[in-house]
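Structure file query.cif (mmCIF, C-alpha atoms) follows.
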```cif
data_coords
loop_
_atom_site.group_PDB
_atom_site.id
_atom_site.type_symbol
_atom_site.label_atom_id
_atom_site.label_comp_id
_atom_site.auth_asym_id
_atom_site.auth_seq_id
_atom_site.Cartn_x
_atom_site.Cartn_y
_atom_site.Cartn_z
ATOM 1 C CA MET A 203 81.855 -33.870 41.698
ATOM 2 C CA LEU A 204 78.413 -33.664 43.261
ATOM 3 C CA MET A 205 76.007 -36.064 41.584
ATOM 4 C CA ALA A 206 72.215 -36.189 41.840
ATOM 5 C CA GLN A 207 72.157 -39.444 43.831
ATOM 6 C CA GLU A 208 74.434 -37.986 46.522
ATOM 7 C CA VAL A 209 72.135 -35.071 47.306
ATOM 8 C CA THR A 210 69.596 -35.570 50.107
ATOM 9 C CA VAL A 211 66.211 -33.981 49.370
ATOM 10 C CA LEU A 212 64.191 -33.691 52.570
ATOM 11 C CA LYS A 213 60.436 -33.427 52.901
ATOM 12 C CA GLN A 214 58.852 -29.977 52.622
ATOM 13 C CA ARG A 215 57.019 -28.672 55.655
ATOM 14 C CA LYS A 216 54.593 -25.871 56.494
ATOM 15 C CA PHE A 217 54.183 -24.004 59.781
ATOM 16 C CA PRO A 218 50.752 -22.290 59.689
ATOM 17 C CA LYS A 219 50.692 -21.530 63.422
ATOM 18 C CA THR A 220 53.941 -19.548 63.387
ATOM 19 C CA VAL A 221 54.222 -18.245 59.788
ATOM 20 C CA SER A 222 51.479 -16.045 58.356
ATOM 21 C CA ALA A 223 50.248 -16.383 54.765
ATOM 22 C CA GLY A 224 52.593 -14.454 52.507
ATOM 23 C CA ASN A 225 54.362 -13.952 49.223
ATOM 24 C CA TYR A 226 57.812 -15.039 50.340
ATOM 25 C CA SER A 227 60.183 -14.684 47.418
ATOM 26 C CA GLY A 228 63.745 -14.749 48.788
ATOM 27 C CA ILE A 229 65.713 -15.937 51.798
ATOM 28 C CA THR A 230 69.192 -15.427 53.269
ATOM 29 C CA TRP A 231 70.955 -16.859 56.307
ATOM 30 C CA LEU A 232 72.097 -14.389 58.980
ATOM 31 C CA GLY A 233 73.866 -16.988 61.138
ATOM 32 C CA GLY A 234 72.651 -19.348 63.843
ATOM 33 C CA SER A 235 68.927 -19.911 63.328
ATOM 34 C CA ARG A 236 68.247 -16.366 62.054
ATOM 35 C CA TYR A 237 67.140 -15.664 58.482
ATOM 36 C CA ALA A 238 65.918 -12.644 56.538
ATOM 37 C CA VAL A 239 63.095 -13.154 54.045
ATOM 38 C CA ALA A 240 61.863 -10.986 51.173
ATOM 39 C CA ASN A 241 58.150 -10.666 50.421
ATOM 40 C CA ASP A 242 57.247 -9.319 46.984
ATOM 41 C CA LYS A 243 53.889 -7.981 48.186
ATOM 42 C CA SER A 244 54.770 -6.715 51.645
ATOM 43 C CA PRO A 245 52.859 -3.596 52.759
ATOM 44 C CA THR A 246 56.010 -1.453 52.359
ATOM 45 C CA ALA A 247 59.602 -2.064 51.284
ATOM 46 C CA GLY A 248 61.633 -4.167 53.702
ATOM 47 C CA PHE A 249 62.077 -7.745 54.847
ATOM 48 C CA TYR A 250 60.990 -10.246 57.485
ATOM 49 C CA LEU A 251 63.119 -11.840 60.178
ATOM 50 C CA MET A 252 62.453 -15.528 60.787
ATOM 51 C CA THR A 253 63.840 -18.143 63.141
ATOM 52 C CA ILE A 254 64.380 -21.431 61.316
ATOM 53 C CA LYS A 255 65.628 -24.381 63.365
ATOM 54 C CA THR A 256 67.046 -27.446 61.632
ATOM 55 C CA ASP A 257 68.402 -30.761 62.883
ATOM 56 C CA SER A 258 72.214 -30.587 63.010
ATOM 57 C CA ILE A 259 72.545 -34.261 62.025
ATOM 58 C CA SER A 260 69.921 -34.781 59.319
ATOM 59 C CA GLY A 261 69.201 -31.220 58.182
ATOM 60 C CA GLU A 262 65.462 -31.719 58.614
ATOM 61 C CA LEU A 263 63.299 -28.707 59.423
ATOM 62 C CA LEU A 264 62.271 -28.559 63.084
ATOM 63 C CA SER A 265 60.467 -25.222 63.341
ATOM 64 C CA VAL A 266 59.967 -21.925 61.517
ATOM 65 C CA CYS A 267 58.764 -18.787 63.289
ATOM 66 C CA GLU A 268 58.053 -15.395 61.749
ATOM 67 C CA ASP A 269 59.509 -12.852 64.141
ATOM 68 C CA SER A 270 59.103 -9.341 62.750
ATOM 69 C CA PHE A 271 58.806 -7.180 59.644
ATOM 70 C CA LEU A 272 61.427 -4.464 59.219
ATOM 71 C CA THR A 273 60.665 -1.661 56.787
ATOM 72 C CA SER A 274 62.056 1.569 55.401
ATOM 73 C CA GLY A 275 58.491 2.839 55.013
ATOM 74 C CA GLN A 276 59.017 3.298 51.272
ATOM 75 C CA PRO A 277 56.592 1.787 48.712
ATOM 76 C CA ASN A 278 56.998 -1.912 47.978
ATOM 77 C CA ARG A 279 59.472 -2.488 45.121
ATOM 78 C CA ASP A 280 58.302 -6.028 44.279
ATOM 79 C CA GLU A 281 61.159 -7.339 46.421
ATOM 80 C CA GLU A 282 62.280 -10.714 45.108
ATOM 81 C CA GLY A 283 65.844 -11.614 46.121
ATOM 82 C CA ILE A 284 67.775 -10.993 49.321
ATOM 83 C CA CYS A 285 71.324 -11.678 50.501
ATOM 84 C CA TYR A 286 73.356 -10.943 53.618
ATOM 85 C CA MET A 287 76.788 -9.285 53.678
ATOM 86 C CA PRO A 288 78.343 -10.213 57.050
ATOM 87 C CA GLN A 289 81.213 -7.713 56.835
ATOM 88 C CA THR A 290 78.766 -4.803 56.957
ATOM 89 C CA GLN A 291 75.930 -6.660 58.707
ATOM 90 C CA THR A 292 73.531 -5.468 56.023
ATOM 91 C CA VAL A 293 71.213 -7.094 53.526
ATOM 92 C CA PHE A 294 70.779 -6.309 49.849
ATOM 93 C CA VAL A 295 67.310 -6.671 48.331
ATOM 94 C CA SER A 296 66.472 -6.809 44.631
ATOM 95 C CA GLY A 297 63.343 -5.092 43.347
ATOM 96 C CA GLU A 298 61.721 -6.352 40.178
ATOM 97 C CA LYS A 299 59.715 -3.167 39.821
ATOM 98 C CA ASP A 300 62.711 -0.817 39.645
ATOM 99 C CA GLN A 301 65.437 -3.359 38.703
ATOM 100 C CA GLU A 302 67.577 -2.020 41.540
ATOM 101 C CA ILE A 303 69.454 -3.889 44.285
ATOM 102 C CA LEU A 304 69.487 -1.727 47.415
ATOM 103 C CA GLU A 305 71.215 -2.092 50.766
ATOM 104 C CA TYR A 306 69.313 -2.099 54.083
ATOM 105 C CA ASN A 307 70.630 -2.269 57.618
ATOM 106 C CA LEU A 308 69.223 -4.892 59.979
ATOM 107 C CA GLN A 309 66.701 -2.363 61.280
ATOM 108 C CA GLY A 310 65.128 -2.226 57.811
ATOM 109 C CA GLN A 311 66.441 1.232 56.893
ATOM 110 C CA LEU A 312 68.051 2.092 53.557
ATOM 111 C CA THR A 313 71.771 2.854 53.809
ATOM 112 C CA GLY A 314 71.933 4.756 50.517
ATOM 113 C CA ARG A 315 74.219 2.167 48.916
ATOM 114 C CA LYS A 316 73.283 -0.116 46.013
ATOM 115 C CA LEU A 317 74.804 -2.403 43.406
ATOM 116 C CA HIS A 318 75.725 -0.567 40.203
ATOM 117 C CA ILE A 319 73.584 -2.376 37.646
ATOM 118 C CA PRO A 320 74.700 -2.456 33.980
ATOM 119 C CA GLU A 321 72.220 -0.659 31.731
ATOM 120 C CA ILE A 322 71.421 -3.819 29.721
ATOM 121 C CA PHE A 323 69.403 -5.167 32.671
ATOM 122 C CA LYS A 324 66.834 -2.352 32.545
ATOM 123 C CA ALA A 325 64.844 -3.682 29.544
ATOM 124 C CA ILE A 326 62.960 -6.731 30.861
ATOM 125 C CA TYR A 327 59.870 -8.671 29.907
ATOM 126 C CA PRO A 328 56.936 -8.233 32.355
ATOM 127 C CA ASN A 329 57.669 -9.921 35.706
ATOM 128 C CA GLY A 330 60.961 -11.188 34.301
ATOM 129 C CA GLY A 331 63.466 -9.052 36.201
ATOM 130 C CA PHE A 332 65.793 -9.680 39.145
ATOM 131 C CA GLU A 333 64.445 -12.700 40.990
ATOM 132 C CA ALA A 334 67.660 -14.275 42.287
ATOM 133 C CA LEU A 335 70.389 -12.786 44.477
ATOM 134 C CA THR A 336 73.224 -14.257 46.537
ATOM 135 C CA TYR A 337 76.473 -13.165 48.198
ATOM 136 C CA GLN A 338 79.466 -15.247 49.253
ATOM 137 C CA PRO A 339 81.953 -13.603 51.660
ATOM 138 C CA GLN A 340 84.653 -16.191 50.882
ATOM 139 C CA THR A 341 84.786 -15.176 47.212
ATOM 140 C CA HIS A 342 83.754 -11.532 47.812
ATOM 141 C CA ARG A 343 81.128 -11.780 45.083
ATOM 142 C CA PHE A 344 77.465 -10.940 44.690
ATOM 143 C CA TRP A 345 75.659 -12.859 41.936
ATOM 144 C CA THR A 346 72.327 -12.083 40.315
ATOM 145 C CA THR A 347 70.374 -12.792 37.164
ATOM 146 C CA THR A 348 66.943 -12.108 35.748
ATOM 147 C CA GLU A 349 64.163 -14.674 35.813
ATOM 148 C CA PHE A 350 63.573 -14.480 32.046
ATOM 149 C CA THR A 351 65.633 -13.607 28.982
ATOM 150 C CA LEU A 352 66.246 -9.868 28.596
ATOM 151 C CA LYS A 353 64.532 -8.190 25.662
ATOM 152 C CA ALA A 354 67.923 -7.524 24.039
ATOM 153 C CA ASP A 355 68.830 -11.213 24.194
ATOM 154 C CA GLY A 356 65.893 -12.940 22.521
ATOM 155 C CA GLU A 357 62.423 -14.354 22.999
ATOM 156 C CA GLN A 358 60.899 -15.972 26.045
ATOM 157 C CA PRO A 359 60.117 -19.686 26.192
ATOM 158 C CA THR A 360 56.471 -20.718 25.887
ATOM 159 C CA ILE A 361 54.670 -24.058 25.650
ATOM 160 C CA GLU A 362 54.798 -23.710 21.866
ATOM 161 C CA ARG A 363 58.238 -22.059 21.667
ATOM 162 C CA LYS A 364 60.461 -24.775 23.096
ATOM 163 C CA ILE A 365 63.587 -22.813 23.841
ATOM 164 C CA GLY A 366 65.387 -22.034 27.098
ATOM 165 C CA ASN A 367 65.940 -18.676 28.693
ATOM 166 C CA ARG A 368 69.300 -17.122 27.795
ATOM 167 C CA LEU A 369 70.315 -15.294 30.960
ATOM 168 C CA ARG A 370 73.199 -13.061 31.997
ATOM 169 C CA LEU A 371 74.701 -14.236 35.283
ATOM 170 C CA GLN A 372 76.258 -11.056 36.648
ATOM 171 C CA SER A 373 78.711 -10.686 39.533
ATOM 172 C CA PHE A 374 79.589 -7.653 41.661
ATOM 173 C CA GLY A 375 82.526 -7.085 44.001
ATOM 174 C CA ASP A 376 82.593 -5.785 47.559
ATOM 175 C CA ASP A 377 82.903 -2.322 46.007
ATOM 176 C CA LEU A 378 79.385 -2.896 44.559
ATOM 177 C CA GLN A 379 80.719 -2.492 41.007
ATOM 178 C CA PRO A 380 79.927 -5.024 38.242
ATOM 179 C CA LYS A 381 82.600 -7.665 37.653
ATOM 180 C CA GLU A 382 82.358 -10.897 35.630
ATOM 181 C CA GLN A 383 79.382 -11.791 33.442
ATOM 182 C CA TYR A 384 78.525 -15.220 32.041
ATOM 183 C CA TRP A 385 75.711 -16.720 29.996
ATOM 184 C CA TYR A 386 73.403 -19.216 31.659
ATOM 185 C CA GLU A 387 70.897 -21.191 29.583
ATOM 186 C CA THR A 388 67.890 -22.843 31.201
ATOM 187 C CA ASP A 389 66.305 -26.028 29.974
ATOM 188 C CA SER A 390 63.367 -25.719 27.586
ATOM 189 C CA THR A 391 59.847 -26.690 28.641
ATOM 190 C CA ILE A 392 58.993 -30.332 29.215
ATOM 191 C CA ILE A 393 55.293 -29.676 28.597
ATOM 192 C CA LYS A 394 53.806 -31.513 25.630
ATOM 193 C CA LYS A 395 50.249 -30.249 26.010
ATOM 194 C CA ARG A 396 49.327 -26.972 24.325
ATOM 195 C CA LYS A 397 46.492 -25.812 26.582
ATOM 196 C CA GLY A 398 47.318 -23.851 29.696
ATOM 197 C CA ARG A 399 50.111 -21.553 30.842
ATOM 198 C CA SER A 400 53.772 -22.153 31.630
ATOM 199 C CA ILE A 401 56.296 -20.070 33.601
ATOM 200 C CA LEU A 402 59.914 -21.106 33.111
ATOM 201 C CA GLY A 403 62.963 -19.343 34.548
ATOM 202 C CA VAL A 404 65.582 -18.964 37.277
ATOM 203 C CA SER A 405 64.162 -17.947 40.642
ATOM 204 C CA GLY A 406 67.113 -18.449 42.988
ATOM 205 C CA LEU A 407 70.894 -18.619 43.396
ATOM 206 C CA ALA A 408 73.046 -19.871 46.269
ATOM 207 C CA ALA A 409 76.802 -19.193 46.116
ATOM 208 C CA LEU A 410 79.030 -21.797 47.811
ATOM 209 C CA GLU A 411 82.319 -21.100 49.601
ATOM 210 C CA ASP A 412 84.440 -22.693 46.847
ATOM 211 C CA GLY A 413 83.076 -20.401 44.131
ATOM 212 C CA ARG A 414 80.483 -22.733 42.703
ATOM 213 C CA ILE A 415 76.856 -21.609 42.469
ATOM 214 C CA VAL A 416 73.628 -23.556 42.880
ATOM 215 C CA VAL A 417 71.035 -22.352 40.356
ATOM 216 C CA LEU A 418 67.339 -22.911 41.022
ATOM 217 C CA GLU A 419 65.437 -23.427 37.759
ATOM 218 C CA ARG A 420 61.711 -23.928 38.078
ATOM 219 C CA GLU A 421 58.894 -24.461 35.617
ATOM 220 C CA MET A 422 55.261 -24.108 36.621
ATOM 221 C CA TYR A 423 52.368 -25.357 34.526
ATOM 222 C CA PHE A 424 48.773 -24.215 35.021
ATOM 223 C CA PRO A 425 45.933 -25.831 33.049
ATOM 224 C CA LYS A 426 42.731 -23.822 32.746
ATOM 225 C CA LYS A 427 40.965 -25.474 35.682
ATOM 226 C CA GLN A 428 44.076 -25.576 37.957
ATOM 227 C CA ILE A 429 43.738 -29.317 38.681
ATOM 228 C CA GLY A 430 46.846 -30.864 37.200
ATOM 229 C CA SER A 431 49.050 -27.848 37.961
ATOM 230 C CA TYR A 432 52.610 -28.657 38.908
ATOM 231 C CA SER A 433 55.954 -27.066 39.677
ATOM 232 C CA LEU A 434 59.172 -28.753 38.574
ATOM 233 C CA VAL A 435 62.308 -27.617 40.411
ATOM 234 C CA LYS A 436 65.786 -28.412 39.118
ATOM 235 C CA LEU A 437 68.942 -27.501 41.016
ATOM 236 C CA TYR A 438 72.020 -27.114 38.829
ATOM 237 C CA LEU A 439 75.636 -26.513 39.809
ATOM 238 C CA VAL A 440 77.881 -24.160 37.828
ATOM 239 C CA ASN A 441 81.503 -23.134 38.374
ATOM 240 C CA PRO A 442 82.310 -19.693 36.892
ATOM 241 C CA SER A 443 85.901 -19.852 38.146
ATOM 242 C CA GLN A 444 86.636 -22.648 35.662
ATOM 243 C CA GLN A 445 85.394 -20.708 32.642
ATOM 244 C CA GLN A 446 86.044 -17.386 30.953
ATOM 245 C CA PRO A 447 83.650 -14.434 31.338
ATOM 246 C CA GLY A 448 81.291 -14.293 28.357
ATOM 247 C CA GLU A 449 81.116 -18.071 27.990
ATOM 248 C CA VAL A 450 77.990 -20.210 28.411
ATOM 249 C CA LEU A 451 78.307 -21.923 31.775
ATOM 250 C CA ARG A 452 78.437 -25.712 31.871
ATOM 251 C CA LYS A 453 75.892 -27.010 34.355
ATOM 252 C CA THR A 454 75.569 -30.246 36.319
ATOM 253 C CA LEU A 455 72.217 -31.439 37.633
ATOM 254 C CA LEU A 456 72.235 -31.842 41.415
ATOM 255 C CA THR A 457 68.657 -32.944 41.907
ATOM 256 C CA GLU A 458 65.079 -32.285 40.807
ATOM 257 C CA PHE A 459 61.653 -32.687 42.372
ATOM 258 C CA ARG A 460 58.049 -31.938 41.516
ATOM 259 C CA THR A 461 55.069 -30.668 43.524
ATOM 260 C CA LYS A 462 51.512 -30.653 42.197
ATOM 261 C CA VAL A 463 47.791 -30.193 42.586
ATOM 262 C CA ASN A 464 45.464 -33.040 41.636
ATOM 263 C CA LEU A 465 42.356 -34.692 43.068
ATOM 264 C CA THR A 466 44.276 -36.411 45.873
ATOM 265 C CA ARG A 467 47.350 -34.265 46.412
ATOM 266 C CA ARG A 468 47.894 -30.562 47.110
ATOM 267 C CA ASN A 469 51.576 -30.044 47.806
ATOM 268 C CA PHE A 470 52.153 -27.510 44.992
ATOM 269 C CA ALA A 471 55.022 -25.174 45.933
ATOM 270 C CA ASN A 472 56.419 -22.282 43.905
ATOM 271 C CA TYR A 473 59.981 -22.214 45.245
ATOM 272 C CA GLU A 474 61.383 -18.730 44.653
ATOM 273 C CA GLY A 475 64.013 -18.462 47.374
ATOM 274 C CA ILE A 476 67.119 -20.498 48.190
ATOM 275 C CA CYS A 477 70.173 -19.883 50.370
ATOM 276 C CA ILE A 478 72.993 -21.723 52.050
ATOM 277 C CA GLY A 479 72.325 -22.434 55.707
ATOM 278 C CA PRO A 480 74.506 -23.914 58.436
ATOM 279 C CA LYS A 481 76.778 -26.887 57.876
ATOM 280 C CA LEU A 482 75.711 -30.141 59.501
ATOM 281 C CA ALA A 483 77.733 -31.883 62.177
ATOM 282 C CA ASP A 484 79.491 -34.030 59.545
ATOM 283 C CA GLY A 485 80.420 -31.005 57.401
ATOM 284 C CA ARG A 486 77.725 -31.348 54.752
ATOM 285 C CA GLN A 487 76.184 -28.110 53.464
ATOM 286 C CA LEU A 488 72.510 -27.348 54.081
ATOM 287 C CA LEU A 489 70.375 -25.463 51.560
ATOM 288 C CA VAL A 490 67.139 -23.804 52.722
ATOM 289 C CA LEU A 491 64.281 -23.149 50.273
ATOM 290 C CA ILE A 492 61.156 -21.029 50.646
ATOM 291 C CA CYS A 493 58.102 -20.817 48.420
ATOM 292 C CA ASP A 494 55.729 -18.050 47.338
ATOM 293 C CA SER A 495 52.169 -19.155 48.061
ATOM 294 C CA GLN A 496 50.643 -15.973 46.613
ATOM 295 C CA ASN A 497 49.100 -15.381 50.036
ATOM 296 C CA GLN A 498 47.863 -18.994 50.040
ATOM 297 C CA TYR A 499 46.116 -18.549 46.682
ATOM 298 C CA ARG A 500 42.513 -19.808 46.634
ATOM 299 C CA GLY A 501 43.191 -21.889 49.728
ATOM 300 C CA ILE A 502 45.149 -24.340 47.579
ATOM 301 C CA MET A 503 48.712 -23.145 48.054
ATOM 302 C CA ARG A 504 50.653 -23.182 51.311
ATOM 303 C CA ASP A 505 53.784 -21.488 52.638
ATOM 304 C CA TRP A 506 56.163 -24.419 52.275
ATOM 305 C CA PHE A 507 59.773 -24.631 53.435
ATOM 306 C CA LYS A 508 62.278 -27.258 52.354
ATOM 307 C CA THR A 509 65.855 -28.296 53.098
ATOM 308 C CA ILE A 510 68.334 -30.070 50.845
ATOM 309 C CA VAL A 511 71.706 -31.443 51.938
ATOM 310 C CA LEU A 512 74.791 -31.353 49.720
ATOM 311 C CA PRO A 513 77.677 -33.785 50.264
#
```

Could you quickly redo this structure as structure tokens?
Amino acid sequence: MLMAQEVTVLKQRKFPKTVSAGNYSGITWLGGSRYAVANDKSPTAGFYLMTIKTDSISGELLSVCEDSFLTSGQPNRDEEGICYMPQTQTVFVSGEKDQEILEYNLQGQLTGRKLHIPEIFKAIYPNGGFEALTYQPQTHRFWTTTEFTLKADGEQPTIERKIGNRLRLQSFGDDLQPKEQYWYETDSTIIKKRKGRSILGVSGLAALEDGRIVVLEREMYFPKKQIGSYSLVKLYLVNPSQQQPGEVLRKTLLTEFRTKVNLTRRNFANYEGICIGPKLADGRQLLVLICDSQNQYRGIMRDWFKTIVLP
């Protein structure tokens, strides 16, 4: 079993000369050094192509270059998650605004196909819809979930209301029809202070070849004057194949890390996207993470990238 001390968490890096300020919210690996990236505030609906080079021995980031923006020309759908289906050479992109997951070809055009979303997912809390999306060709499964609890399933966590999000982890087959559904429960807030604002939820999923799924939980805390803000990221591992649909998934902590803003440090990163990348020379699996800087909000936030190596 993967344990926290066996996971290698590498230093985050930014590439301001080759990546423009953005609202990067999802990432998927296309093979080689090519990646597709969702941007929840792009001028029109679509996705970016990026070249991300990593060291084949250590997994460290070497370079990131924004290549092009591909668009259908339709209005932005608040695109959050993105995944690649190699059999069709297409990407699927989730929109938080319409709660739809639509297919695009690699020229950025809509194909007319989409995942058939169960009706329960339509009633969301504001900004709490589909944030995470992944596809694994080995298991022939898409997986998605909402960032926050659905309205039908309970209340949202707050600083005062110390509960977790109760989320529906939903799968879809290659036929784009819904398949298995499980419950996933996030941790409750760690914040003890009462002043400020907290955002707690699942922002990313990465499906592994053996059927297990890496879940990206993140909690962000913002005091009134911003100084003291932090983002806590926890990566959990779940294994739906070992449980029955409808059960609450057992989760194992892989690793956690924190970024923050204080008087001496400004490495705050809102990681919203995660995907599997290439395997390293020794067979270990690389994860690639991307953050949403809110267009480099107030000059404080940056467009950070990060890699993590699994055993």

Check: Which neighbours of range 422-427 of chain A fall inside 6 Å, counting only C-alpha atoms, when residues of the same chain fewer than 3 positions from it are skipped, and could you give them as a PyMOL selection string?
Finding: chain A and resi 398-401+431-433

Notebook entry, point to check: Expanded to explicit residues, what is the PyMOL selection byres ((chain A and resi 346) around 8) for this file, as number ranges by chain?
Noted result: A: 332-336, 344-345, 347-348, 371-373, 407

Range 264-353 of chain A residues near range 224-239 of chain A within 6 Å, closest pair each, using only C-alpha atoms, as a Markdown table:
```
| residue | atom | partner | partner_atom | distance |
| --- | --- | --- | --- | --- |
| A:Glu282 | CA | A:Ser227 | CA | 5.0 |
| A:Gly283 | CA | A:Gly228 | CA | 4.6 |
| A:Ile284 | CA | A:Gly228 | CA | 5.5 |
| A:Cys285 | CA | A:Thr230 | CA | 5.1 |
```

Any chance you can output those residues with C-alpha atoms as a PDB file, in the frame of the given file?
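And here's part.pdb as it stands now:
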```
ATOM      1  CA  GLU A 282      62.280 -10.714  45.108  1.00  0.00           C
ATOM      2  CA  GLY A 283      65.844 -11.614  46.121  1.00  0.00           C
ATOM      3  CA  ILE A 284      67.775 -10.993  49.321  1.00  0.00           C
ATOM      4  CA  CYS A 285      71.324 -11.678  50.501  1.00  0.00           C
TER       5      CYS A 285
END
```

Next item on the list: Could you jot down the CA of Tyr473 in chain A to CA of Lys381 in chain A separation for me, Å, one decimal place?
Entry: 27.9 Å

Running the PyMOL selection byres ((chain A and resi 312-318) around 8) on this model by hand, what would come out? Give it as a PDB file with C-alpha atoms, keeping the file's coordinate frame.
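Output contents, as saved in out21.pdb:
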```pdb
ATOM      1  CA  SER A 274      62.056   1.569  55.401  1.00  0.00           C
ATOM      2  CA  PHE A 294      70.779  -6.309  49.849  1.00  0.00           C
ATOM      3  CA  GLU A 302      67.577  -2.020  41.540  1.00  0.00           C
ATOM      4  CA  ILE A 303      69.454  -3.889  44.285  1.00  0.00           C
ATOM      5  CA  LEU A 304      69.487  -1.727  47.415  1.00  0.00           C
ATOM      6  CA  GLU A 305      71.215  -2.092  50.766  1.00  0.00           C
ATOM      7  CA  TYR A 306      69.313  -2.099  54.083  1.00  0.00           C
ATOM      8  CA  ASN A 307      70.630  -2.269  57.618  1.00  0.00           C
ATOM      9  CA  GLY A 310      65.128  -2.226  57.811  1.00  0.00           C
ATOM     10  CA  GLN A 311      66.441   1.232  56.893  1.00  0.00           C
ATOM     11  CA  ILE A 319      73.584  -2.376  37.646  1.00  0.00           C
ATOM     12  CA  PRO A 320      74.700  -2.456  33.980  1.00  0.00           C
ATOM     13  CA  PHE A 374      79.589  -7.653  41.661  1.00  0.00           C
ATOM     14  CA  LEU A 378      79.385  -2.896  44.559  1.00  0.00           C
ATOM     15  CA  GLN A 379      80.719  -2.492  41.007  1.00  0.00           C
ATOM     16  CA  PRO A 380      79.927  -5.024  38.242  1.00  0.00           C
TER      17      PRO A 380
END
```

Check: Skipping near chain neighbours, those fewer than 3 positions away, what residues fall within 7 Å of Thr341 in chain A using all atoms listed in the file, listed as a list in words?
Finding: Gln338, Glu411 and Gly413 of chain A

Margin query: Need the shell around Lys481 in chain A: protein/DNA/RNA residues with any atom at most 10 Å away, counting only C-alpha atoms. Skip same-chain ones fewer than 2 positions apart. Format as a VMD selection string?
Written below: chain A and resid 258 to 259 261 478 to 479 483 to 489 511 to 512

Checklist line | Selection dump of the PyMOL selection byres ((chain A and resi 434-448) around 9), as a PyMOL selection string | finding: chain A and resi 204+370+382-385+412-423+432-433+449-462+472-473

Notebook entry, point to check: In Å to one decimal, how far is CA of Lys397 in chain A from CA of Glu362 in chain A?
Noted result: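 Straight-line distance from CA of Glu362 in chain A to CA of Lys397 in chain A works out to 9.8 Å.
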
Check: Separation of CA of Ile502 in chain A and CA of Gln358 in chain A, in Å?
Finding: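 Between CA of Ile502 in chain A and CA of Gln358 in chain A the gap works out to 28.0 Å.
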
Check: Out of A:Asp376, A:Cys477, A:Val463, A:Glu281, which residue has the shortest atom-to-atom distance to Arg343 in chain A when counting only C-alpha atoms?
Finding: A:Asp376

Item checked: For Met287 in chain A, the nearest of the candidates A:Ile361, A:Glu262, A:Gly375, A:Thr246, counting only C-alpha atoms ->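 The answer is A:Gly375, which sits nearest to Met287 in chain A.
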
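Compared by their closest atoms to Ser495 in chain A, and using only C-alpha atoms, the residues A:Asp242, A:Glu387, A:Asp377, A:Glu208 rank with A:Asp242 nearest.
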
Notebook entry, point to check: Using all atoms listed in the file, which of the listed residues (A:Leu482, A:Met503, A:Leu272, A:Ile510) sits closest to Asp257 in chain A?
Noted result: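 Comparing A:Leu482, A:Met503, A:Leu272, A:Ile510 against Asp257 in chain A, the winner is A:Leu482.
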
Item checked: Among listed residues A:Ile476, A:Val211, A:Leu251, A:Ile393, nearest Ala409 in chain A (using all atoms listed in the file) -> A:Ile476

Enclose all atoms of range 345-350 of chain A listed in the file in an axis-aligned box, grow every side by 8 Å, and hand back centre and edge lengths in Å to one decimal, as AutoDock Vina command-line options.
```
--center_x 69.6 --center_y -13.4 --center_z 37.0 --size_x 28.1 --size_y 18.6 --size_z 25.9
```

Item checked: Using only C-alpha atoms: which of A:Tyr327, A:Tyr286, A:Phe350, A:Tyr386 has the shortest distance to Gly403 in chain A -> A:Phe350

Could I get range 334-344 of chain A from the block written as a JSON list (two decimals), in the first residue's frame, with N, CA and C atoms?
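The resulting result00.json:
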```
[["chain", "number", "residue", "atom", "x", "y", "z"],
["A", 334, "ALA", "N", -13.79, 18.36, -10.84],
["A", 334, "ALA", "CA", -12.81, 17.30, -11.07],
["A", 334, "ALA", "C", -13.29, 16.34, -12.15],
["A", 335, "LEU", "N", -12.35, 15.90, -13.00],
["A", 335, "LEU", "CA", -12.69, 14.98, -14.08],
["A", 335, "LEU", "C", -11.45, 14.19, -14.47],
["A", 336, "THR", "N", -11.61, 12.88, -14.66],
["A", 336, "THR", "CA", -10.48, 12.05, -15.08],
["A", 336, "THR", "C", -11.01, 10.88, -15.92],
["A", 337, "TYR", "N", -10.13, 10.32, -16.74],
["A", 337, "TYR", "CA", -10.47, 9.12, -17.52],
["A", 337, "TYR", "C", -9.28, 8.19, -17.52],
["A", 338, "GLN", "N", -9.56, 6.89, -17.39],
["A", 338, "GLN", "CA", -8.50, 5.89, -17.40],
["A", 338, "GLN", "C", -8.82, 4.83, -18.47],
["A", 339, "PRO", "N", -8.03, 4.79, -19.55],
["A", 339, "PRO", "CA", -8.33, 3.84, -20.64],
["A", 339, "PRO", "C", -8.18, 2.38, -20.23],
["A", 340, "GLN", "N", -7.35, 2.10, -19.21],
["A", 340, "GLN", "CA", -7.18, 0.71, -18.78],
["A", 340, "GLN", "C", -8.44, 0.15, -18.13],
["A", 341, "THR", "N", -9.16, 1.00, -17.41],
["A", 341, "THR", "CA", -10.39, 0.55, -16.74],
["A", 341, "THR", "C", -11.65, 0.95, -17.51],
["A", 342, "HIS", "N", -11.47, 1.75, -18.57],
["A", 342, "HIS", "CA", -12.59, 2.21, -19.40],
["A", 342, "HIS", "C", -13.62, 2.97, -18.56],
["A", 343, "ARG", "N", -13.12, 3.86, -17.70],
["A", 343, "ARG", "CA", -13.99, 4.61, -16.82],
["A", 343, "ARG", "C", -13.61, 6.09, -16.76],
["A", 344, "PHE", "N", -14.64, 6.94, -16.91],
["A", 344, "PHE", "CA", -14.55, 8.33, -16.52],
["A", 344, "PHE", "C", -14.94, 8.40, -15.04]]
```
